[in-house]
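Take a look at the structure set out below.
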Amino acid sequence: MWAPSSSVGVVGDDVLLRARGLTKTFGDFTAVDGIDVDVRRGEAFGFLGPNGAGKSSTMKMVGCVSPVTSGELRILGMDPDDDGPAIRARLGVCPQQDMLDEDLSVEENLWVYGRFFGLSRHEVRARADELLEFAQLTERRHDRVEPLSGGMKRRLTIARALINNPEVLLLDEPTTGLDPQARHVLWDRLYRLKRDGVTLIITTHYMDEAEQLCDRLVVMDRGRIAAEGSPRSLIDAYSTREVVELRFAVDEQDHHVDAVRSVGGRVEELPDRLLVYTDDGDSTLAAVHERGVKPHAALVRRSTLEDVFLHLTGRSLID
Amino acid sequence: MSALPATQPTTAHPAPSGRLAPGPRAPMRRGERIGGAMAHHLRVYRRTWRGSIISRFLSPLFFLAAMGLGLGSLVDSSAGGVGGQPYLQFVVPGIVAYQAALLGFGDATYPVLGYIKWNRMYSAALSTPLTVTDVLLGHLIVLGANLVVAVTVFIAIAALFGSFASWWVLLGIPVGLLTGLAFAVPTFAISATITTDNVFGILYRFVLTPVLLFSGTFFPLEQLPVVLRPIAWATPLWHGVELTRDAAYGRSPGAMGLVHAVVILAFVAVGWVLAHRAFTRRLTS
């Protein structure tokens with residue numbers, strides 16, 4: 001294996017990604033502001049944050065496409081500055097945009113990509129057959145890519161990213177722009193990869209996606225890491241068990257804020273609703289009613305990562 | 001549920017290259033990487049060459065018929081040809097170089113911007129072991145091969161009309177390749193710098209068209225006012241036209257031949273440096 005070449009020290013074999021003070025600037029703008037991350041083999045690790053949080057910039061550095069401005073980054077024990085091609089040979093990258101050659105057929109896109117990794121024609125064709133099956137695209141293999149649905153193109157992009165049998169799959173916003181059904185099909189494929197031991201590194205601004213897919217995640221905001229942990233532990237640490245959502249008729253919300261606050265518990269004001277954080281939603285809702293507050297609609301639900309993000313940053317994930 | 005193919009190396013066919021096995025992979029040699037990039041462009045040409053027949057093969061033949069045969073009969077009857085040569089034999093070498101320049105420019109505009117901006121295949125390639133140098137060279141080699149085919153086919157057909165005085169015209173093939181690259185490589189740099197394809201229309205109308213018309217292609221440079229001639233000297237096309245014409249006449253270009261070659265190669269070399277820098281900035285920042 002490779003001798004460690006810097007102060008990062010010996011990188012354990014099971015730590016596939018290790019970042020210390022990782023920073024990326026574009027001119028005066030700091031996209032990634034000194035983050036520390038460890039991703040272990042076999043994990044599904046997420047970067048959760050709104051657009052512009054620095055997730056994609058981080059992914060491009062991890063993908064050894066964009067040079068690190070400062071800080072330490074080791075992927076598979078190697079330094080992207082010195083060993084970019086050797087690292088990329090073992091990564092799969094599913095970028096935010098599909099980046100398919102739409103003039104070529106489905107299977108041609110796989111063949112072309114396999115050749116970029118130096119696979120023989122024979123290896124590429126055998127692998128493409130398996131991946132077409134995996135991506136549920138076998139029937140469309142001879143079709144041009146251009147008319148395929150968004151979900152199919154996404155699955156083809158993921159299949160293509162797997163052509164070199166990568167140890168780590170980087171997924172940048174994998175389901176953005178897909179309809180709910182296509183998202184679930186995609187999640188199912190990603191579960192299978194995870195079950196098979198592929199390390200997944202995912203960025204998303206969908207809290208449900210992060211909860212569904214990630215064993216562990218960091219919440220990113222403005223280039224920094226706001227919190228880290230499993231979805232469950234983050235919710236336990238930064239939110240309450242339940243949340244009461246209160247919706248009011250237009251312009252009435254402001255009149256009720258003080259009455260709702262008097263019930264106790266943390267209250268967040270969103271443009272279209274009030275959120276009351278509590279361990280017992282039903283009794284909190286009853287207390288709200290007792291104070292004569294009549295919301296247009298009320299809902300008791302469990303806390304999600306959206307609530308964690310709101311608590312940490314005071315803002316919503318999706319603006 | 002069967003085991004997932006995605007994480008299993010192909011079991012039916014053990015991987016001889018070892019590039020599907022976990023752990024460090026056998027590094028790819030430079031040639032393998034460039035070959036990988038070329039394979040993509042060859043596949044694209046395989047899909048699209050039929051649609052490009054008109055611009056690649058028929059368009060220069062239209063010029064040959066209209067200028068060489070049509071206008072040529074008028075020139076020959078009224079002026080006795082150009083410098084004692086039939087106008088057909090004067091103009092066709094110009095058309096050879098003209099065609100190469102136009103193809104080199106065209107293949108480096110929309111296709112390159114497309115791979116950068118629209119389907120982003122260059123970015124996809126740079127997520128693999130391929131480097132900017134590999135991606136650029138892979139594309140340029142296929143583009144160059146395409147130039148060679150187009151120029152060779154045109155020279156062969158033009159020869160049937162008696163357009164050439166000498167077999168030395170075959171040197172027009174490498175000259176055409178280099179002339180085309182002298183336009184293609186710097187245009188790669190432009191395509192990797194701009195954000196909108198409007199620029200191509202402006203370039204074509206205000207830069208390429210005058211260059212194509214006033215580089216000694218259809219009439220000798222001596223017909224131009226003295227002050228305008230240095231402009232032609234600064235374009236790679238004039239040098240390409242001169243070299244091709246010398247070859248087609250079967251005469252030695254002498255020391256000027258070296259000057260012509262140096263200017264053309266300088267455009268390729270400077271274009272390469274600029275294109276490499278523009279690609280690196282645009283695709284790996």
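Letters for chains follow the order of the structure tokens (A, B, ...), residue numbers begin at 1 for each chain, and ligand numbers begin at 1 in the order shown.
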What are the nearest atom pairs, with distances in Å to one decimal, for all residues of chain B that come at most 6 Å from chain A, using only C-alpha atoms, set out by chain and rising residue number as a Markdown table?
| residue | atom | partner | partner_atom | distance |
| --- | --- | --- | --- | --- |
| B:Pro5 | CA | A:Glu130 | CA | 5.9 |
| B:Thr7 | CA | A:Asn165 | CA | 5.8 |
| B:Leu20 | CA | A:Asn165 | CA | 5.5 |
| B:Gly36 | CA | A:Phe116 | CA | 4.7 |
| B:His40 | CA | A:Val112 | CA | 5.4 |
| B:Asn119 | CA | A:Met99 | CA | 5.0 |
| B:Arg120 | CA | A:Met99 | CA | 4.9 |
| B:Met121 | CA | A:Met99 | CA | 5.5 |
| B:Thr128 | CA | A:Arg88 | CA | 5.3 |
| B:Pro129 | CA | A:Pro85 | CA | 4.1 |
| B:Thr284 | CA | A:Ser66 | CA | 5.0 |
| B:Ser285 | CA | A:Ser66 | CA | 5.1 |
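Those residues that approach Ser215 of chain B to within 9 Å, counting only C-alpha atoms, are Gly94, Pro210, Val211, Phe219, Pro220, Leu221, Arg229, Ile231, Ala232, Trp233, Thr235, Pro236, Leu237, Trp238, His239 and Val241 of chain B; same-chain residues fewer than 4 positions away are not listed.
You can rank B:Val175, B:Val142, B:Leu64, B:Leu243 by their closest distance to Ile95 of chain B using only C-alpha atoms, and at the top of that list sits B:Leu64.
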*Output as a PyMOL selection string all residues of segment 94-292 of chain A that backbone DSSP marks as helix (DSSP H, G or I).*
chain A and resi 106-116+121-134+138-140+150-161+180-195+207-213+231-238+253-261+281-290
*Counting only C-alpha atoms, what is within 9 Å of Gly46 of chain A, bar same-chain residues fewer than 4 positions away, as a list of chain:residue names?*
A:Leu200, A:Ile201, A:Ile202, A:Thr203, A:Thr204, A:Ala210, A:Leu213, A:Cys214, A:Asp215, A:Arg216, A:Leu217, A:Val218, A:Val219
Restricted to N, CA and C atoms, what would the selected residues look like written as a PDB file, in the first residue's frame?
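Saved as result.pdb:
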ATOM      1  N   LEU A 200     -21.131   4.436  -0.147  1.00  0.00           N
ATOM      2  CA  LEU A 200     -21.870   5.495  -0.843  1.00  0.00           C
ATOM      3  C   LEU A 200     -21.584   6.832  -0.174  1.00  0.00           C
ATOM      4  N   ILE A 201     -21.263   7.821  -0.965  1.00  0.00           N
ATOM      5  CA  ILE A 201     -21.143   9.191  -0.456  1.00  0.00           C
ATOM      6  C   ILE A 201     -22.148  10.034  -1.236  1.00  0.00           C
ATOM      7  N   ILE A 202     -23.115  10.584  -0.505  1.00  0.00           N
ATOM      8  CA  ILE A 202     -24.278  11.192  -1.140  1.00  0.00           C
ATOM      9  C   ILE A 202     -24.395  12.646  -0.704  1.00  0.00           C
ATOM     10  N   THR A 203     -24.671  13.540  -1.638  1.00  0.00           N
ATOM     11  CA  THR A 203     -25.105  14.875  -1.235  1.00  0.00           C
ATOM     12  C   THR A 203     -26.592  14.993  -1.545  1.00  0.00           C
ATOM     13  N   THR A 204     -27.290  15.699  -0.702  1.00  0.00           N
ATOM     14  CA  THR A 204     -28.716  15.896  -0.959  1.00  0.00           C
ATOM     15  C   THR A 204     -29.224  17.106  -0.195  1.00  0.00           C
ATOM     16  N   ALA A 210     -31.855  11.756   2.858  1.00  0.00           N
ATOM     17  CA  ALA A 210     -30.764  11.561   3.817  1.00  0.00           C
ATOM     18  C   ALA A 210     -31.178  10.550   4.886  1.00  0.00           C
ATOM     19  N   LEU A 213     -31.341   6.917   3.212  1.00  0.00           N
ATOM     20  CA  LEU A 213     -30.155   6.282   2.646  1.00  0.00           C
ATOM     21  C   LEU A 213     -28.939   6.281   3.565  1.00  0.00           C
ATOM     22  N   CYS A 214     -28.819   7.292   4.428  1.00  0.00           N
ATOM     23  CA  CYS A 214     -27.523   7.508   5.068  1.00  0.00           C
ATOM     24  C   CYS A 214     -27.420   6.849   6.435  1.00  0.00           C
ATOM     25  N   ASP A 215     -26.317   6.135   6.666  1.00  0.00           N
ATOM     26  CA  ASP A 215     -26.010   5.648   7.998  1.00  0.00           C
ATOM     27  C   ASP A 215     -25.558   6.809   8.873  1.00  0.00           C
ATOM     28  N   ARG A 216     -24.816   7.706   8.240  1.00  0.00           N
ATOM     29  CA  ARG A 216     -24.232   8.808   8.989  1.00  0.00           C
ATOM     30  C   ARG A 216     -24.196  10.004   8.050  1.00  0.00           C
ATOM     31  N   LEU A 217     -24.314  11.194   8.598  1.00  0.00           N
ATOM     32  CA  LEU A 217     -24.269  12.352   7.727  1.00  0.00           C
ATOM     33  C   LEU A 217     -23.743  13.563   8.460  1.00  0.00           C
ATOM     34  N   VAL A 218     -23.334  14.537   7.645  1.00  0.00           N
ATOM     35  CA  VAL A 218     -23.007  15.843   8.214  1.00  0.00           C
ATOM     36  C   VAL A 218     -24.013  16.834   7.660  1.00  0.00           C
ATOM     37  N   VAL A 219     -24.424  17.767   8.520  1.00  0.00           N
ATOM     38  CA  VAL A 219     -25.293  18.856   8.073  1.00  0.00           C
ATOM     39  C   VAL A 219     -24.383  20.005   7.689  1.00  0.00           C
TER      40      VAL A 219
END
*To one decimal in Å, tell me the separation between atom CA of Leu169 of chain A and atom CA of Tyr191 of chain A.*
12.4 Å
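Those residues that approach Glu252 of chain A to within 12 Å, counting only C-alpha atoms, are Leu246, Pro271, Asp272, Arg273, Leu274, Val293, Lys294, Pro295 and His296 of chain A; same-chain residues fewer than 6 positions away are not listed.
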_For Thr30 of chain A, find every residue with an atom within 10 Å (counting only C-alpha atoms), except residues of its own chain fewer than 6 positions away, and show them as number ranges by chain._
A: 23-24, 54, 69, 222-224
_I'd like the contact shell of Asp107 of chain B - 8 Å cut-off, only C-alpha atoms, skipping same-chain residues fewer than 4 positions apart - returned as an MDAnalysis selection string._
chainID B and resid 103 111:112 143 184
*Identify, on the basis of only C-alpha atoms, every residue whose closest approach to Glu107 of chain A does not exceed 7 Å; exclude the query and any residue fewer than 5 positions from it along the same chain; express the result as JSON, numbers by chain.*
{"A": [128, 141, 142]}
*Distance of atom CA of Gly201 of chain B from atom CA of Val273 of chain B, expressed in Å to one decimal place*: 24.2 Å
*Please indicate the distance in Å from atom CA of Val39 of chain A to atom CA of Leu17 of chain A, rounded to one decimal place.*
5.0 Å
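Among the candidates B:Leu274, B:Glu242, B:Met256, B:Thr187, the residue lying nearest to Phe218 of chain B is B:Glu242 (atoms considered: only C-alpha atoms).
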